[in-house]
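Since the structure comes first, as structure tokens, the remarks are kept for the end.
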Amino acid sequence: MASLDDLKKRIVSVKSTQKITKAMKMVAAAKLKRAQENAEKGRPYSEKMNNIILNLADGISDKENAPKLLAGNGQDKIHLCVVLTSDRGLCGGFNSNIIKKAKTYFGKVLGEGKTLKIITVGSKGYDQLKRLYSDKIVEKISFKESKNANYFDAEKVGKIIIESFLKKEFDVCTIFYNKFKNVITQIPQEQQIIPLKSSESEGSTSEDNYEFEPEEDEILSNLLPKNISTQIFKAMLENSASEQGSRMSAMDNATRNAGDMVEKLTIQYNRSRQAAITKELIEIISGAESL
Amino acid sequence: MSEEFKVEIVNPEKSFLSKEDITEVVIPAFEGEMGILKNHISIISFLKPGIIKIFSKNKEEKFYVEDGIVEFKDNSLSILTSSIFSLDKIDKNYVNESIQNAEKELSDENIEDQRRFLISQKIDVLKSINSN
């Protein structure tokens with residue numbers, strides 16, 4: 001059994017861990033508020049962009065000559081996966097959830113005998129994937145220096161993707177990120193961005209007759225690269241809100257667990273202290289009796 | 001009947017401006033400046049570097065944009081742009097810096113004509129801002 005001194009030391013160390021987790025929780029809570037606001041403010045842009053593109057895609061007359069970014073290049077051989085994760089750890093299942101989702105997709109792609117390429121954004125994703133897929137990772141990007149998700153970073157990623165698409169280095173591009181639902185739930189998402197899937201918002205495809213200036217194709221070919229950066233930016237915003245939320249609940253749990261542990265250790269400490277006293281008393285009494 | 005319509009300018013980070021009492025907007029559309037009044041036909045266009053002028057009843061606001069998309073529908077004008085600055089608040093140093101960067105890019109021989117056109121547009125506009 002551990003000596004009294006050892007127990008005392010453990011209690012102190014658990015208590016100081018608890019202090020750290022508590023502080024991290026507070027920080028995450030404050031950051032979460034900002035990240036959540038940003039994510040909400042960023043939504044109108046990506047939604048509007050999506051709507052306009054859907055309208056345009058509907059109005060396009062010559063479907064066969066549609067821009068490749070919209071329709072794909074007709075092949076389905078090389079898959080590029082962009083996995084967006086955080087740069088910092090200690091945020092519960094945040095990164096592992098994305099990785100799990102991505103790994104299932106990787107398994108599917110590889111099972112069909114297709115080529116897989118991976119771009120990781122954020123160092124944690126790279127750390128988790130490099131063991132199994134190090135030969136598949138073509139690029140790793142990390143934005144450790146930038147404090148908040150910002151559009152310029154997203155544009156950088158977008159440019160890399162578009163350039164390699166134009167070089168015909170892949171056929172299909174999918175991004176993985178966590179969608180922020182609330183503090184407790186973040187849903188890992190996979191979203192195909194090249195070719196663009198005109199899914200979901202069917203109600204908005206109205207019969208409006210738009211006037212286009214210049215022609216549809218030209219607008220589209222200008223818009224689509226922007227849309228990719230926008231989608232990535234959206235994913236980054238959602239991700240940063242999710243990361244803080246996930247960290248907050250993880251740290252909340254850790255604080256509570258530390259509290260439980262301190263309680264248990266204190267009881268143990270008190271018991272063994274009492275046992276020691278009782279033992280000493282018995283020794284004294286039996287010593288006195290034997291006289 | 002009122003002659004006012006709604007304008008919303010969004011950039012990726014937030015909703016930049018949203019107003020409902022706008023009488024006229026002039027935008028630097030790709031094929032030339034375009035004025036938009038109420039009941040304009042639905043239109044989608046994109047922007048080249050230039051000045052957006054927004055008129056309400058007794059006020060006029062000016063913004064510098066680098067690129068963007070414009071959608072007008074049901075008397076509401078949405079402008080999506082990644083870089084926009086109010087002319088009143090624009091930073092002279094930033095303007096000078098952008099002019100320098102743009103000129104550097106322009107000196108590169110291997111750029112497409114369209115890109116070259118956009119950059120020289122940008123330089124012109126920025127210079128005109130500076131001279132004011």
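Just remember, in the structure tokens the first chain shown is A, the second B, etc., residues are 1-based per chain, and ligands are 1-based in the order shown.
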Counting only C-alpha atoms, give me one row per residue of chain B with an atom at most 6 Å from an atom of chain A, showing the shortest contact pair and its distance in Å to one decimal, sorted by chain then residue number, as a Markdown table.
```
| residue | atom | partner | partner_atom | distance |
| --- | --- | --- | --- | --- |
| B:Val10 | CA | A:Tyr45 | CA | 5.9 |
| B:Pro12 | CA | A:Gly42 | CA | 5.5 |
| B:Glu13 | CA | A:Gly42 | CA | 5.1 |
| B:Lys14 | CA | A:Lys41 | CA | 4.6 |
| B:Ser42 | CA | A:Tyr210 | CA | 4.9 |
| B:Ile43 | CA | A:Glu211 | CA | 4.5 |
| B:Ile44 | CA | A:Phe212 | CA | 5.2 |
| B:Ser45 | CA | A:Glu213 | CA | 5.1 |
```
Let's have the selection written as a PDB file, in the first residue's frame, with N, CA and C atoms.
```
ATOM      1  N   VAL B  10     -21.578  40.667 -48.904  1.00  0.00           N
ATOM      2  CA  VAL B  10     -21.034  39.645 -48.015  1.00  0.00           C
ATOM      3  C   VAL B  10     -19.604  39.343 -48.399  1.00  0.00           C
ATOM      4  N   PRO B  12     -16.291  36.601 -47.164  1.00  0.00           N
ATOM      5  CA  PRO B  12     -16.282  35.264 -46.573  1.00  0.00           C
ATOM      6  C   PRO B  12     -16.362  35.273 -45.056  1.00  0.00           C
ATOM      7  N   GLU B  13     -15.842  36.322 -44.436  1.00  0.00           N
ATOM      8  CA  GLU B  13     -15.806  36.300 -42.987  1.00  0.00           C
ATOM      9  C   GLU B  13     -17.105  36.777 -42.341  1.00  0.00           C
ATOM     10  N   LYS B  14     -17.775  37.713 -43.005  1.00  0.00           N
ATOM     11  CA  LYS B  14     -19.011  38.194 -42.390  1.00  0.00           C
ATOM     12  C   LYS B  14     -19.882  38.911 -43.413  1.00  0.00           C
ATOM     13  N   SER B  42     -33.417  40.275 -63.385  1.00  0.00           N
ATOM     14  CA  SER B  42     -32.500  39.391 -62.655  1.00  0.00           C
ATOM     15  C   SER B  42     -31.206  39.256 -63.431  1.00  0.00           C
ATOM     16  N   ILE B  43     -30.126  39.422 -62.741  1.00  0.00           N
ATOM     17  CA  ILE B  43     -28.852  39.378 -63.451  1.00  0.00           C
ATOM     18  C   ILE B  43     -27.759  38.780 -62.569  1.00  0.00           C
ATOM     19  N   ILE B  44     -26.861  38.077 -63.233  1.00  0.00           N
ATOM     20  CA  ILE B  44     -25.657  37.609 -62.543  1.00  0.00           C
ATOM     21  C   ILE B  44     -24.461  38.109 -63.333  1.00  0.00           C
ATOM     22  N   SER B  45     -23.519  38.697 -62.633  1.00  0.00           N
ATOM     23  CA  SER B  45     -22.340  39.168 -63.332  1.00  0.00           C
ATOM     24  C   SER B  45     -21.178  39.132 -62.367  1.00  0.00           C
TER      25      SER B  45
END
```
Inset, instruction - With a distance cut-off of 6 Å and only C-alpha atoms, select the neighbouring residues of Cys173 (chain A), excluding the residue or stretch itself and same-chain residues fewer than 5 positions from it, and output the selection as a ChimeraX atom specification. - result: /A:79-81,192-194
Inset, instruction - Write out as a ChimeraX atom specification all residues of chain B that backbone DSSP assigns to strand (DSSP E or B). - result: /B:5-11,14-29,32-36,43-47,50-56,59-65,68-73,76-80,84-86
File of the preceding selection, C-alpha atoms, as a CSV table (one decimal), in the first residue's frame:
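Output below, filename out.csv:
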```csv
chain,number,residue,atom,x,y,z
B,5,PHE,CA,-34.3,48.3,-52.8
B,6,LYS,CA,-32.1,46.1,-50.7
B,7,VAL,CA,-28.4,45.7,-50.9
B,8,GLU,CA,-26.3,43.1,-49.2
B,9,ILE,CA,-22.5,42.8,-49.4
B,10,VAL,CA,-21.0,39.6,-48.0
B,11,ASN,CA,-17.4,38.7,-47.7
B,14,LYS,CA,-19.0,38.2,-42.4
B,15,SER,CA,-21.9,40.1,-43.8
B,16,PHE,CA,-20.1,43.4,-44.7
B,17,LEU,CA,-23.1,45.6,-45.3
B,18,SER,CA,-26.8,45.2,-45.4
B,19,LYS,CA,-29.1,48.1,-46.2
B,20,GLU,CA,-32.7,48.4,-47.4
B,21,ASP,CA,-33.0,52.0,-48.4
B,22,ILE,CA,-30.8,52.1,-51.5
B,23,THR,CA,-31.9,54.0,-54.6
B,24,GLU,CA,-29.1,53.3,-56.9
B,25,VAL,CA,-25.9,51.2,-57.1
B,26,VAL,CA,-23.1,51.5,-59.6
B,27,ILE,CA,-20.9,48.5,-59.9
B,28,PRO,CA,-17.7,47.9,-61.9
B,29,ALA,CA,-19.0,44.9,-63.8
B,32,GLY,CA,-18.1,48.0,-68.0
B,33,GLU,CA,-19.8,50.0,-65.3
B,34,MET,CA,-23.3,49.1,-64.6
B,35,GLY,CA,-26.0,51.1,-62.8
B,36,ILE,CA,-28.7,49.2,-61.0
B,43,ILE,CA,-28.9,39.4,-63.5
B,44,ILE,CA,-25.7,37.6,-62.5
B,45,SER,CA,-22.3,39.2,-63.3
B,46,PHE,CA,-18.9,39.4,-61.9
B,47,LEU,CA,-16.7,42.3,-61.0
B,50,GLY,CA,-13.1,49.1,-59.2
B,51,ILE,CA,-15.3,51.3,-57.1
B,52,ILE,CA,-18.8,50.4,-56.0
B,53,LYS,CA,-21.0,53.4,-55.5
B,54,ILE,CA,-24.1,53.0,-53.3
B,55,PHE,CA,-26.6,55.8,-53.2
B,56,SER,CA,-29.4,56.1,-50.7
B,59,LYS,CA,-26.0,59.7,-48.8
B,60,GLU,CA,-23.4,58.2,-51.1
B,61,GLU,CA,-21.0,55.5,-50.1
B,62,LYS,CA,-18.0,54.3,-52.0
B,63,PHE,CA,-16.2,51.0,-51.7
B,64,TYR,CA,-13.2,49.6,-53.4
B,65,VAL,CA,-13.5,46.0,-54.6
B,68,GLY,CA,-16.6,39.4,-56.8
B,69,ILE,CA,-19.9,38.2,-58.0
B,70,VAL,CA,-23.1,40.2,-58.3
B,71,GLU,CA,-26.6,38.7,-58.2
B,72,PHE,CA,-29.7,40.8,-58.5
B,73,LYS,CA,-33.0,39.1,-58.0
B,76,SER,CA,-32.4,42.5,-53.7
B,77,LEU,CA,-28.8,42.9,-54.8
B,78,SER,CA,-26.2,40.5,-53.4
B,79,ILE,CA,-22.5,41.2,-53.8
B,80,LEU,CA,-20.1,38.5,-52.9
B,84,ILE,CA,-13.7,45.1,-50.1
B,85,PHE,CA,-12.7,48.3,-48.4
B,86,SER,CA,-14.7,51.4,-47.6
```
Legend entry - Contact residues around Asp67 (chain B) with only C-alpha atoms at 8 Å, ignoring same-chain residues under 5 positions, as a list in words: Phe46, Leu47, Lys48, Pro49, Thr81, Ser82 and Ser83 of chain B
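Counting only C-alpha atoms, the residue from A:Thr104, A:Thr266, A:Thr185, A:Ser221 that sits nearest to Ile162 (chain A) is A:Ser221.
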Legend entry - Shell around region 104-108 of chain B at 7 Å using only C-alpha atoms, local window under 4 positions removed, as a VMD selection string: chain B and resid 100 116 119
Inset, instruction - Record the distance separating CA of Lys168 (chain A) and CA of Lys77 (chain A), expressed in Å with one decimal. - result: 11.0 Å
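Atom pair CA of Asn101 (chain B) / CA of Asn130 (chain B): separated by 15.4 Å.
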Legend entry - Glu238 (chain A) surroundings by only C-alpha atoms, 8 Å radius, close-in-sequence under 5 positions cut, as a PyMOL selection string: chain A and resi 36+39+177-180
Inset, instruction - Find the residue from B:Lys57, B:Asp74, B:Ile129, B:Ala102 that sits nearest to Lys89 (chain B); use only C-alpha atoms when measuring. - result: B:Ile129
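Residues in contact range of Arg273 (chain A), defined as at most 12 Å between only C-alpha atoms, with sequence neighbours fewer than 2 positions away removed, read Ala2, Ser3, Leu4, Asp5, Leu7, Lys8, Thr266, Ile267, Gln268, Tyr269, Asn270, Arg271, Ala275, Ala276, Ile277, Thr278, Lys279 and Glu280 of chain A.
Note that CA of Ile123 (chain B) and CA of Glu97 (chain B) are 10.9 Å apart.
Every protein, DNA or RNA residue with an atom at most 10 Å from Lys19 (chain A), where only C-alpha atoms count and chain neighbours fewer than 6 positions away do not, is listed here: Ser13, Lys25, Thr255 and Ala258 of chain A.
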Expected file: the selected residues, N, CA and C atoms, as a CSV table (one decimal), in the first residue's frame:
```csv
chain,number,residue,atom,x,y,z
A,13,SER,N,-0.8,16.4,-7.2
A,13,SER,CA,-0.6,16.4,-8.7
A,13,SER,C,-1.9,16.4,-9.4
A,25,LYS,N,-10.6,24.6,-20.3
A,25,LYS,CA,-12.0,24.6,-20.6
A,25,LYS,C,-12.5,26.1,-20.8
A,255,THR,N,-11.9,17.7,-16.1
A,255,THR,CA,-12.0,18.4,-14.8
A,255,THR,C,-12.8,17.6,-13.8
A,258,ALA,N,-11.0,14.5,-12.7
A,258,ALA,CA,-10.0,14.8,-11.8
A,258,ALA,C,-10.6,15.0,-10.4
```
